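S.K.: Structure supplied as run.tsv; contents: TSV, C-alpha atoms and all ligand atoms.
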```tsv
chain	number	residue	atom	x	y	z
A	1	MET	CA	157.11	267.48	25.15
A	2	ASP	CA	154.25	266.05	27.17
A	3	PRO	CA	155.34	262.47	27.92
A	4	THR	CA	151.79	261.19	27.50
A	5	THR	CA	151.75	262.23	23.86
A	6	GLN	CA	155.08	260.57	23.16
A	7	LYS	CA	154.78	257.88	20.48
A	8	ILE	CA	155.70	254.28	21.32
A	9	GLN	CA	159.00	253.35	19.76
A	10	LEU	CA	159.03	250.04	17.99
A	11	ARG	CA	162.08	248.48	16.41
A	12	VAL	CA	161.14	246.41	13.38
A	13	LEU	CA	163.53	244.26	11.40
A	14	ILE	CA	162.56	243.95	7.73
A	15	VAL	CA	164.06	240.84	6.16
A	16	ASP	CA	163.51	241.03	2.41
A	17	ASP	CA	165.90	240.71	-0.50
A	18	SER	CA	164.07	243.28	-2.64
A	19	VAL	CA	165.30	246.84	-2.13
A	20	GLU	CA	162.06	248.17	-3.61
A	21	ASP	CA	159.92	246.16	-1.22
A	22	ARG	CA	161.94	247.26	1.78
A	23	TYR	CA	161.58	250.84	0.66
A	24	PHE	CA	157.85	250.30	0.16
A	25	TYR	CA	157.39	248.95	3.75
A	26	ARG	CA	159.51	251.77	5.12
A	27	ARG	CA	157.35	254.36	3.40
A	28	LEU	CA	154.15	252.77	4.65
A	29	LEU	CA	155.31	252.47	8.22
A	30	GLU	CA	156.72	255.96	8.36
A	31	GLN	CA	153.28	257.27	7.56
A	32	THR	CA	151.84	255.64	10.69
A	33	LYS	CA	151.03	258.10	13.42
A	34	GLU	CA	150.62	255.70	16.32
A	35	TYR	CA	154.13	254.26	16.57
A	36	ASP	CA	157.55	255.69	16.04
A	37	TYR	CA	159.01	252.89	13.90
A	38	GLN	CA	162.74	252.35	13.97
A	39	LEU	CA	163.43	250.23	10.94
A	40	ILE	CA	166.36	247.88	10.41
A	41	GLU	CA	166.81	246.28	7.01
A	42	ALA	CA	168.36	242.96	6.06
A	43	GLY	CA	168.64	241.61	2.50
A	44	THR	CA	169.32	237.94	3.33
A	45	GLY	CA	168.30	235.45	6.00
A	46	GLU	CA	171.83	235.30	7.37
A	47	GLU	CA	171.98	239.08	7.65
A	48	GLY	CA	168.53	239.04	9.28
A	49	LEU	CA	169.66	236.57	11.95
A	50	ASP	CA	172.75	238.68	12.58
A	51	CYS	CA	170.61	241.79	13.05
A	52	TYR	CA	168.35	239.84	15.40
A	53	ARG	CA	171.31	238.69	17.51
A	54	LEU	CA	172.79	242.18	17.74
A	55	LEU	CA	169.82	244.50	17.80
A	56	ARG	CA	166.97	242.47	19.35
A	57	PRO	CA	164.06	244.00	17.37
A	58	ASP	CA	160.53	244.13	18.81
A	59	CYS	CA	159.11	242.54	15.66
A	60	ILE	CA	160.32	240.91	12.44
A	61	LEU	CA	158.67	241.48	9.06
A	62	LEU	CA	159.80	238.47	7.09
A	63	ASP	CA	159.59	237.86	3.37
A	64	PHE	CA	158.96	234.19	2.72
A	65	ARG	CA	161.30	234.06	-0.28
A	66	LEU	CA	164.88	234.86	0.61
A	67	PRO	CA	167.94	234.24	-1.53
A	68	ASP	CA	169.77	232.05	0.98
A	69	PHE	CA	166.88	230.20	2.66
A	70	ASP	CA	163.12	230.24	2.75
A	71	GLY	CA	161.03	231.80	5.49
A	72	LEU	CA	160.37	228.49	7.27
A	73	GLU	CA	164.09	227.73	7.52
A	74	PHE	CA	164.63	231.24	8.82
A	75	LEU	CA	162.01	230.57	11.53
A	76	ASP	CA	163.77	227.34	12.55
A	77	ASP	CA	167.08	229.17	12.91
A	78	LEU	CA	165.38	231.98	14.79
A	79	GLU	CA	163.85	229.48	17.20
A	80	GLY	CA	167.32	228.05	17.81
A	81	GLU	CA	168.56	231.53	18.65
A	82	GLN	CA	165.67	232.17	20.97
A	83	GLU	CA	166.12	229.01	22.97
A	84	GLN	CA	169.06	230.61	24.66
A	85	GLU	CA	167.09	233.74	25.36
A	86	GLU	CA	163.79	234.08	27.15
A	87	GLY	CA	160.65	234.91	25.22
A	88	MET	CA	159.87	235.00	21.56
A	89	VAL	CA	159.99	237.78	19.04
A	90	PRO	CA	156.76	238.32	17.10
A	91	VAL	CA	157.11	237.61	13.39
A	92	VAL	CA	154.80	238.79	10.59
A	93	MET	CA	155.36	236.85	7.39
A	94	VAL	CA	154.89	238.29	3.90
A	95	THR	CA	154.01	235.74	1.21
A	96	GLY	CA	153.04	235.85	-2.43
A	97	GLN	CA	149.47	235.21	-3.49
A	98	GLY	CA	148.28	231.56	-3.36
A	99	ASN	CA	150.76	230.60	-0.67
A	100	GLU	CA	148.24	229.62	1.99
A	101	PHE	CA	150.05	226.37	2.70
A	102	VAL	CA	153.18	228.31	3.57
A	103	ALA	CA	151.18	230.64	5.76
A	104	VAL	CA	149.69	227.71	7.71
A	105	GLU	CA	153.11	226.13	8.20
A	106	ALA	CA	154.51	229.47	9.33
A	107	MET	CA	151.68	229.96	11.84
A	108	LYS	CA	152.42	226.50	13.25
A	109	LYS	CA	155.94	227.66	13.86
A	110	GLY	CA	154.69	230.59	15.89
A	111	VAL	CA	154.33	233.32	13.25
A	112	LYS	CA	151.73	235.74	14.55
A	113	ASP	CA	150.28	236.94	11.25
A	114	TYR	CA	150.86	236.85	7.51
A	115	LEU	CA	150.22	239.33	4.75
A	116	VAL	CA	149.88	238.86	1.01
A	117	LYS	CA	152.44	241.07	-0.68
A	118	ASP	CA	150.27	242.64	-3.37
A	119	ARG	CA	147.56	243.62	-0.91
A	120	ILE	CA	149.59	245.37	1.74
A	121	THR	CA	148.43	248.83	2.79
A	122	THR	CA	149.65	251.20	5.50
A	123	ASP	CA	146.81	250.12	7.74
A	124	SER	CA	147.09	246.36	7.22
A	125	LEU	CA	150.85	246.42	7.75
A	126	HIS	CA	150.68	248.58	10.83
A	127	HIS	CA	147.84	246.54	12.36
A	128	SER	CA	149.54	243.22	11.75
A	129	ILE	CA	152.69	244.42	13.45
A	130	LYS	CA	150.76	246.04	16.27
A	131	ASN	CA	148.62	242.94	16.92
A	132	ALA	CA	151.61	240.62	16.79
A	133	VAL	CA	153.56	242.75	19.25
A	134	GLU	CA	150.58	243.13	21.58
A	135	ARG	CA	149.77	239.42	21.56
A	136	VAL	CA	153.31	238.49	22.44
A	137	ALA	CA	153.44	241.20	25.10
A	138	LEU	CA	150.20	239.86	26.56
A	139	LEU	CA	151.58	236.34	26.59
A	140	ARG	CA	154.75	237.51	28.27
A	141	GLU	CA	152.72	239.42	30.82
A	142	LEU	CA	150.64	236.31	31.52
A	143	GLU	CA	153.74	234.17	31.87
A	144	GLU	CA	155.25	236.72	34.22
A	145	LYS	CA	152.05	236.85	36.29
A	146	ASN	CA	151.96	233.05	36.51
A	147	ARG	CA	155.59	232.94	37.53
A	148	LYS	CA	155.08	235.56	40.24
A	149	LEU	CA	151.95	233.82	41.52
A	150	LYS	CA	153.77	230.51	41.70
A	151	GLU	CA	156.69	232.14	43.47
A	152	SER	CA	154.48	233.90	46.00
A	153	ASN	CA	152.51	230.69	46.64
A	154	GLU	CA	155.72	228.84	47.25
A	155	GLN	CA	156.94	231.55	49.61
A	156	LEU	CA	153.63	231.49	51.45
A	157	GLU	CA	153.75	227.73	51.81
A	158	GLU	CA	157.33	227.90	53.00
A	159	PHE	CA	156.33	230.55	55.52
A	160	ALA	CA	153.37	228.49	56.78
A	161	TYR	CA	155.62	225.48	57.07
A	162	VAL	CA	158.44	227.23	58.92
A	163	ALA	CA	156.08	229.19	61.16
A	164	SER	CA	154.03	226.17	62.14
A	165	HIS	CA	157.13	224.06	62.62
A	166	ASP	CA	158.96	226.62	64.76
A	167	LEU	CA	155.91	227.57	66.81
A	168	GLN	CA	155.51	224.05	68.09
A	169	GLU	CA	158.41	224.16	70.50
A	170	PRO	CA	157.58	227.35	72.50
A	171	LEU	CA	153.96	226.28	72.60
A	172	ARG	CA	154.88	222.88	73.98
A	173	LYS	CA	156.77	224.71	76.72
A	174	ILE	CA	153.76	226.86	77.61
A	175	ALA	CA	151.51	223.81	77.80
A	176	ASN	CA	153.97	221.73	79.84
A	177	PHE	CA	154.81	224.42	82.37
A	178	THR	CA	151.19	225.41	82.84
A	179	GLU	CA	150.33	221.81	83.57
A	180	LEU	CA	153.25	221.64	85.99
A	181	LEU	CA	152.04	224.82	87.66
A	182	ALA	CA	148.57	223.33	88.03
A	183	SER	CA	149.77	220.06	89.55
A	184	ARG	CA	152.50	221.47	91.85
A	185	TYR	CA	150.44	224.33	93.27
A	186	ARG	CA	147.07	222.61	93.29
A	187	ASP	CA	146.32	223.28	96.98
A	188	LYS	CA	147.86	226.72	97.08
A	189	LEU	CA	145.76	228.33	94.34
A	190	ASP	CA	142.23	229.62	94.63
A	191	ALA	CA	139.43	228.57	92.27
A	192	LYS	CA	139.86	231.61	90.05
A	193	ALA	CA	143.56	230.86	89.46
A	194	GLU	CA	142.70	227.24	88.68
A	195	ASN	CA	140.17	228.43	86.15
A	196	TYR	CA	142.75	230.66	84.51
A	197	ILE	CA	145.17	227.78	84.29
A	198	GLU	CA	142.49	225.64	82.72
A	199	TYR	CA	141.90	228.34	80.08
A	200	ILE	CA	145.62	228.52	79.31
A	201	VAL	CA	145.92	224.74	78.96
A	202	ASP	CA	142.82	224.65	76.82
A	203	GLY	CA	144.08	227.51	74.62
A	204	ALA	CA	147.52	225.97	74.27
A	205	THR	CA	146.10	222.55	73.39
A	206	ARG	CA	143.86	224.10	70.80
A	207	MET	CA	146.72	226.09	69.34
A	208	GLN	CA	148.86	222.95	69.21
A	209	GLN	CA	146.12	221.25	67.20
A	210	LEU	CA	145.82	224.22	64.82
A	211	ILE	CA	149.58	224.35	64.30
A	212	GLN	CA	149.71	220.62	63.78
A	213	ASP	CA	146.96	220.91	61.16
A	214	LEU	CA	148.65	223.82	59.44
A	215	LEU	CA	151.85	221.81	59.32
A	216	THR	CA	150.03	218.83	57.82
A	217	TYR	CA	148.43	221.15	55.28
A	218	SER	CA	151.68	222.78	54.21
A	219	ARG	CA	153.47	219.42	54.13
A	220	MET	CA	150.79	218.31	51.68
A	221	GLY	CA	152.05	220.89	49.18
A	222	LYS	CA	155.69	219.96	49.70
A	223	ARG	CA	155.29	216.19	49.55
A	224	GLU	CA	156.03	214.61	46.24
A	225	ILE	CA	153.00	213.15	44.60
A	226	ILE	CA	153.50	209.48	43.78
A	227	ILE	CA	151.45	208.52	40.78
A	228	GLU	CA	150.77	204.85	40.25
A	229	THR	CA	147.97	202.69	38.93
A	230	VAL	CA	145.39	202.43	41.68
A	231	ASP	CA	142.14	200.58	41.99
A	232	LEU	CA	139.81	203.12	43.58
A	233	ASN	CA	137.72	200.31	45.11
A	234	GLU	CA	140.80	199.29	47.10
A	235	VAL	CA	141.60	202.88	48.03
A	236	LEU	CA	138.08	203.34	49.35
A	237	LYS	CA	138.15	199.99	51.17
A	238	GLN	CA	141.32	201.00	52.98
A	239	ALA	CA	139.84	204.37	53.98
A	240	VAL	CA	136.73	202.62	55.34
A	241	THR	CA	138.90	200.13	57.28
A	242	ASP	CA	140.83	203.02	58.85
A	243	LEU	CA	137.52	204.43	60.10
A	244	ASP	CA	135.96	201.13	61.23
A	245	ILE	CA	135.52	202.12	64.88
A	246	LEU	CA	133.84	205.41	63.97
A	247	ILE	CA	131.68	203.58	61.43
A	248	SER	CA	130.52	200.85	63.80
A	249	ASP	CA	130.01	203.24	66.74
A	250	ASN	CA	127.67	205.33	64.61
A	251	GLN	CA	126.06	202.40	62.78
A	252	VAL	CA	127.01	203.88	59.46
A	253	GLN	CA	126.08	202.26	56.18
A	254	VAL	CA	128.74	202.87	53.53
A	255	THR	CA	127.94	201.66	50.03
A	256	ASN	CA	129.62	202.24	46.71
A	257	ASP	CA	129.29	201.70	42.99
A	258	GLU	CA	132.04	199.84	41.20
A	259	LEU	CA	134.88	202.38	40.92
A	260	PRO	CA	137.46	202.56	38.12
A	261	THR	CA	141.19	202.10	38.12
A	262	CYS	CA	143.17	205.26	37.55
A	263	LYS	CA	146.55	206.82	37.99
A	264	ALA	CA	146.84	208.71	41.23
A	265	ASP	CA	148.62	208.92	44.56
A	266	SER	CA	146.91	206.18	46.50
A	267	ALA	CA	147.77	207.43	50.02
A	268	GLN	CA	146.56	210.92	49.21
A	269	LEU	CA	143.28	209.72	47.71
A	270	GLN	CA	142.74	207.54	50.76
A	271	ARG	CA	143.04	210.67	52.82
A	272	VAL	CA	140.41	212.41	50.69
A	273	PHE	CA	137.97	209.52	51.19
A	274	ARG	CA	138.78	209.39	54.92
A	275	ASN	CA	138.14	213.11	55.38
A	276	LEU	CA	134.91	213.07	53.39
A	277	ILE	CA	133.51	209.95	55.07
A	278	SER	CA	134.40	211.14	58.57
A	279	ASN	CA	132.74	214.50	57.80
A	280	ALA	CA	129.64	212.71	56.56
A	281	ILE	CA	129.54	210.92	59.92
A	282	LYS	CA	130.39	213.96	62.05
A	283	TYR	CA	127.76	216.16	60.41
A	284	ARG	CA	125.08	213.47	60.61
A	285	SER	CA	121.38	214.15	61.13
A	286	ASP	CA	119.12	212.23	63.51
A	287	GLU	CA	118.91	209.37	61.02
A	288	SER	CA	121.68	206.77	60.99
A	289	PRO	CA	124.32	207.90	58.55
A	290	ARG	CA	124.11	206.51	55.04
A	291	ILE	CA	127.01	207.27	52.73
A	292	HIS	CA	127.15	206.33	49.10
A	293	ILE	CA	130.16	206.72	46.81
A	294	SER	CA	129.48	206.77	43.10
A	295	CYS	CA	131.42	207.58	39.98
A	296	ARG	CA	130.64	209.04	36.58
A	297	LEU	CA	133.14	208.49	33.81
A	298	SER	CA	133.53	210.70	30.81
A	299	ARG	CA	136.04	210.72	28.02
A	300	ASN	CA	138.49	213.02	29.80
A	301	PHE	CA	137.75	212.85	33.49
A	302	MET	CA	135.98	210.97	36.21
A	303	GLU	CA	133.66	212.54	38.73
A	304	ILE	CA	133.43	210.88	42.10
A	305	ALA	CA	130.56	211.73	44.42
A	306	VAL	CA	130.37	211.11	48.17
A	307	ARG	CA	126.74	211.53	49.20
A	308	ASP	CA	125.42	211.61	52.75
A	309	ASN	CA	122.09	212.07	54.52
A	310	GLY	CA	123.49	214.48	57.12
A	311	ILE	CA	122.59	217.98	58.27
A	312	GLY	CA	123.67	219.65	55.01
A	313	ILE	CA	124.84	223.24	54.63
A	314	GLU	CA	123.48	226.45	53.17
A	315	PRO	CA	124.59	226.65	49.51
A	316	ARG	CA	126.08	230.11	50.13
A	317	PHE	CA	128.80	228.51	52.30
A	318	SER	CA	129.76	225.92	49.73
A	319	LYS	CA	132.92	227.71	48.60
A	320	ARG	CA	134.03	228.97	51.98
A	321	ILE	CA	134.24	225.59	53.70
A	322	PHE	CA	137.14	224.54	51.45
A	323	GLY	CA	139.33	227.33	52.90
A	324	VAL	CA	141.90	226.75	55.64
A	325	PHE	CA	140.34	226.79	59.15
A	326	GLN	CA	136.89	227.66	57.78
A	327	ARG	CA	134.06	226.11	59.79
A	328	LEU	CA	130.35	226.68	60.11
A	329	HIS	CA	130.01	225.50	63.70
A	330	SER	CA	131.54	226.18	67.06
A	331	ARG	CA	133.90	223.71	68.73
A	332	GLU	CA	131.28	223.02	71.34
A	333	GLU	CA	128.85	221.83	68.66
A	334	TYR	CA	131.29	219.81	66.57
A	335	SER	CA	134.97	219.09	67.14
A	336	GLY	CA	137.51	220.01	64.48
A	337	THR	CA	139.70	222.79	63.17
A	338	GLY	CA	138.41	223.27	59.63
A	339	ILE	CA	141.41	221.86	57.79
A	340	GLY	CA	139.89	218.60	56.41
A	341	LEU	CA	138.25	219.98	53.27
A	342	ALA	CA	141.19	222.34	52.59
A	343	ILE	CA	143.46	219.27	52.53
A	344	CYS	CA	141.04	217.46	50.19
A	345	LYS	CA	141.07	220.49	47.89
A	346	LYS	CA	144.84	220.62	47.84
A	347	ILE	CA	145.14	216.91	47.05
A	348	VAL	CA	142.51	216.96	44.31
A	349	GLU	CA	143.99	220.09	42.70
A	350	ARG	CA	147.47	218.59	42.79
A	351	HIS	CA	146.03	215.72	40.77
A	352	GLY	CA	144.64	218.24	38.29
A	353	GLY	CA	141.01	217.94	39.45
A	354	ARG	CA	138.30	220.07	41.09
A	355	ILE	CA	136.27	219.62	44.24
A	356	TRP	CA	132.94	221.13	45.30
A	357	ILE	CA	129.90	220.46	47.44
A	358	GLU	CA	126.20	220.47	46.62
A	359	SER	CA	123.98	220.62	49.65
A	360	GLN	CA	120.83	221.92	51.30
A	361	PRO	CA	120.24	222.22	55.04
A	362	GLY	CA	118.43	219.11	56.25
A	363	LYS	CA	118.77	217.37	52.88
A	364	GLY	CA	122.26	215.92	53.08
A	365	SER	CA	125.36	216.82	51.13
A	366	THR	CA	127.24	215.48	48.16
A	367	VAL	CA	130.91	216.28	47.76
A	368	PHE	CA	132.08	215.83	44.20
A	369	PHE	CA	135.63	215.66	42.97
A	370	THR	CA	137.04	215.14	39.52
A	371	LEU	CA	140.28	213.56	38.44
A	372	PRO	CA	141.67	213.73	34.93
A	373	TYR	CA	141.10	210.32	33.48
A	374	GLN	CA	142.63	209.57	30.10
A	375	GLU	CA	144.68	212.70	30.30
A	376	LEU	CA	146.23	211.59	33.57
A	377	MET	CA	146.87	208.19	32.05
A	378	SER	CA	148.99	209.58	29.28
A	379	SER	CA	150.45	212.81	30.60
A	380	VAL	CA	151.75	211.82	34.02
A	381	SER	CA	155.04	210.04	33.76
A	382	GLU	CA	154.80	206.44	34.85
A	383	ALA	CA	156.13	205.78	38.30
A	384	PRO	CA	157.38	202.22	38.74
A	385	LEU	CA	154.37	200.14	39.64
A	386	THR	CA	154.47	198.58	43.04
A	387	GLU	CA	153.96	194.86	43.13
A	388	GLN	CA	150.30	193.98	43.43
A	389	HIS	CA	149.48	191.50	46.15
A	390	SER	CA	146.10	189.88	46.11
B	401	LIG	P1	136.09	220.46	60.30
B	401	LIG	O1	135.21	219.26	60.12
B	401	LIG	O2	137.27	220.21	61.15
B	401	LIG	O3	135.33	221.68	60.70
B	401	LIG	P2	136.37	220.53	57.38
B	401	LIG	O4	137.32	221.36	56.57
B	401	LIG	O5	136.38	219.07	57.14
B	401	LIG	O6	136.72	220.85	58.88
B	401	LIG	O7	134.91	221.08	57.13
B	401	LIG	C1	134.66	222.48	57.12
B	401	LIG	C2	133.21	222.75	57.44
B	401	LIG	O8	132.39	222.27	56.38
B	401	LIG	C3	132.71	222.00	58.66
B	401	LIG	O9	132.94	222.76	59.82
B	401	LIG	C4	131.22	221.84	58.36
B	401	LIG	O10	130.54	223.00	58.76
B	401	LIG	C5	131.15	221.76	56.86
B	401	LIG	N1	131.03	220.37	56.36
B	401	LIG	C6	132.00	219.60	55.86
B	401	LIG	N2	131.52	218.41	55.47
B	401	LIG	C7	130.20	218.42	55.71
B	401	LIG	C8	129.12	217.49	55.51
B	401	LIG	N3	129.33	216.29	54.98
B	401	LIG	N4	127.89	217.88	55.88
B	401	LIG	C9	127.66	219.10	56.40
B	401	LIG	N5	128.62	220.02	56.62
B	401	LIG	C10	129.87	219.69	56.28
```
Taking this structure as input, can you express it in the form of structure tokens?
M.R.:
Amino acid sequence: MDPTTQKIQLRVLIVDDSVEDRYFYRRLLEQTKEYDYQLIEAGTGEEGLDCYRLLRPDCILLDFRLPDFDGLEFLDDLEGEQEQEEGMVPVVMVTGQGNEFVAVEAMKKGVKDYLVKDRITTDSLHHSIKNAVERVALLRELEEKNRKLKESNEQLEEFAYVASHDLQEPLRKIANFTELLASRYRDKLDAKAENYIEYIVDGATRMQQLIQDLLTYSRMGKREIIIETVDLNEVLKQAVTDLDILISDNQVQVTNDELPTCKADSAQLQRVFRNLISNAIKYRSDESPRIHISCRLSRNFMEIAVRDNGIGIEPRFSKRIFGVFQRLHSREEYSGTGIGLAICKKIVERHGGRIWIESQPGKGSTVFFTLPYQELMSSVSEAPLTEQHS
């Protein structure tokens, strides 16, 4: 037989104490052309659970009224069984007319669909089973995809960490010995050789910086996030203090609105502010830099904006610059490796927020980031609060 025309086999467990009803469902399902139904019958809840344990059906058609327990109790027991196993079996419940309350309760317990006994037809029965099976399959597929994605991200981070960590040592050797070569043989080498040595030292130093940045970036993902109650005004103040030389050298004006208190990792948020403020200074225009930090609060999140009057960027680059080592300028124009915004993105996303930039060339930039507000307050487990010193 052509394998493409082969019907899908589906094992359905019918749990119903009425022989006539079971026979009725069997007849309906056997008329269906799409699936090859393999039907298992159980007359009591206990027997149904036994069949589930032994035969692992693809779907359960469950009568709400059973002689030993009702459908909701059956679902509770089934859930207990499934805790030991992975995944859930789709259940379609059959109720009598006027039992909407039961149906709602059953849906809350994970039942995928319900049918009213007197109105069942071949089509409605087949479609309920089919939809239930497909929805669960889709969920499983999604879960599997998420799991694989998480696993591959972790592997990638591990690789970046190990590679950047292990590359440091041989690179240090190259840099050290090249410098030694340059100093010991200074008078014996011609200008060309000296130039070459300079290129090697320059390349090695640059590579050391890149590796160091990559290491910092991958450590960011490994480091535990320490959530505590933080006053964002203090976090910002500390970031500004860390940059005081840069700020005074460039005559920067940093102003801010009153910021809220939230739950976050204070050191990591300081880093975000530091990176954004130092970028606002680095990518300054001819005017003296003016940076303003504001905040918009909504019921579920806060949106913090760091606005500058710098050179700005073309909107088409606004996504790209958050990638690792992505820059819009050469090293000669502006120093840097292109890791700063990638680190900000990682930190903000680890807090459950988003980060983006709105900008126009010559019109300054505003980097926005959100942090869950009330949600963060209630969903992140409380870390012991550090003592607050005034
Ligand atoms: P780096 O500054 O080391 O290049 P970043 O990841 O911090 O790395 O920034 C990536 C790129 O985004 C920068 O090279 C720059 O082109 C652009 N950029 C970042 N912040 C600003 C800003 N405030 N104004 C204009 N351009 C910016």
S.K.: Could you give me the residues within 9 Å of ligand LIG 401 (chain B), counting all atoms listed in the file, as an NGL selection string?
M.R.: :A and (275-284 or 306-314 or 317-318 or 320-331 or 334-344 or 357 or 359-361 or 364-367)
S.K.: With only C-alpha atoms as the basis for distance, which of A:Leu210, A:Ala106, A:Cys59, A:Val12 is at the shortest distance from Val136 of chain A?
M.R.: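 Closest to Val136 of chain A, using only C-alpha atoms: A:Cys59.
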S.K.: Of the residues A:Ser18, A:Ser285, A:Thr122, A:Gln82, which is the one nearest to Leu49 of chain A, using only C-alpha atoms?
M.R.: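 Of all the options, A:Gln82 lies closest to Leu49 of chain A.
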S.K.: In terms of the shortest atom-to-atom distance over all atoms listed in the file, which of A:Asp244, A:Glu228, A:Glu258, A:Glu100 is closest to His351 of chain A?
M.R.: A:Glu228
S.K.: With distances taken over all atoms listed in the file, which residue among A:Arg290, A:Lys222, A:Arg350, A:Arg274 lies nearest Gln238 of chain A?
M.R.: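 Closest to Gln238 of chain A of all the choices is A:Arg274.
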S.K.: Please report the interatomic distance between atom CA of His292 of chain A and atom CA of Glu349 of chain A in Å with one decimal.
M.R.: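 So the two atoms, atom CA of His292 of chain A and atom CA of Glu349 of chain A, lie 22.7 Å apart.
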S.K.: Extract segment 284-298 of chain A from the coordinates I pasted, and write it as a short mmCIF file (atom, residue, chain, number, x, y, z; two decimals), in the first residue's frame (atoms kept: N, CA, C and O atoms).
M.R.:
```cif
data_model
loop_
_atom_site.label_atom_id
_atom_site.label_comp_id
_atom_site.auth_asym_id
_atom_site.auth_seq_id
_atom_site.Cartn_x
_atom_site.Cartn_y
_atom_site.Cartn_z
N ARG A 284 28.38 61.68 20.99
CA ARG A 284 27.89 63.06 21.16
C ARG A 284 27.96 63.81 19.83
O ARG A 284 28.74 63.45 18.93
N SER A 285 27.21 64.88 19.75
CA SER A 285 27.31 65.77 18.57
C SER A 285 28.24 66.92 18.93
O SER A 285 28.96 66.83 19.93
N ASP A 286 28.19 68.00 18.19
CA ASP A 286 29.05 69.15 18.52
C ASP A 286 28.56 69.88 19.77
O ASP A 286 29.33 70.57 20.42
N GLU A 287 27.28 69.73 20.06
CA GLU A 287 26.76 70.39 21.28
C GLU A 287 27.30 69.67 22.51
O GLU A 287 27.65 68.50 22.43
N SER A 288 27.27 70.34 23.68
CA SER A 288 27.66 69.59 24.88
C SER A 288 26.57 68.58 25.18
O SER A 288 25.37 68.87 25.02
N PRO A 289 26.99 67.39 25.61
CA PRO A 289 26.01 66.33 25.80
C PRO A 289 25.00 66.65 26.90
O PRO A 289 25.37 67.10 27.98
N ARG A 290 23.73 66.42 26.56
CA ARG A 290 22.66 66.54 27.56
C ARG A 290 21.92 65.20 27.57
O ARG A 290 21.47 64.72 26.54
N ILE A 291 21.86 64.63 28.78
CA ILE A 291 21.23 63.30 28.89
C ILE A 291 20.11 63.40 29.92
O ILE A 291 20.32 63.93 31.01
N HIS A 292 18.95 62.92 29.52
CA HIS A 292 17.84 62.95 30.47
C HIS A 292 17.25 61.56 30.64
O HIS A 292 16.99 60.86 29.67
N ILE A 293 17.05 61.17 31.90
CA ILE A 293 16.48 59.84 32.17
C ILE A 293 15.08 60.04 32.74
O ILE A 293 14.89 60.73 33.74
N SER A 294 14.11 59.45 32.05
CA SER A 294 12.73 59.60 32.52
C SER A 294 12.08 58.23 32.67
O SER A 294 12.65 57.22 32.24
N CYS A 295 10.90 58.23 33.24
CA CYS A 295 10.24 56.94 33.48
C CYS A 295 8.73 57.08 33.33
O CYS A 295 8.15 58.08 33.74
N ARG A 296 8.15 56.09 32.70
CA ARG A 296 6.69 56.06 32.55
C ARG A 296 6.21 54.79 33.22
O ARG A 296 6.73 53.70 32.93
N LEU A 297 5.26 54.96 34.13
CA LEU A 297 4.77 53.78 34.86
C LEU A 297 3.42 53.36 34.34
O LEU A 297 2.57 54.21 34.07
N SER A 298 3.24 52.07 34.14
CA SER A 298 1.89 51.61 33.82
C SER A 298 1.54 50.52 34.82
O SER A 298 2.35 50.19 35.67
#
```
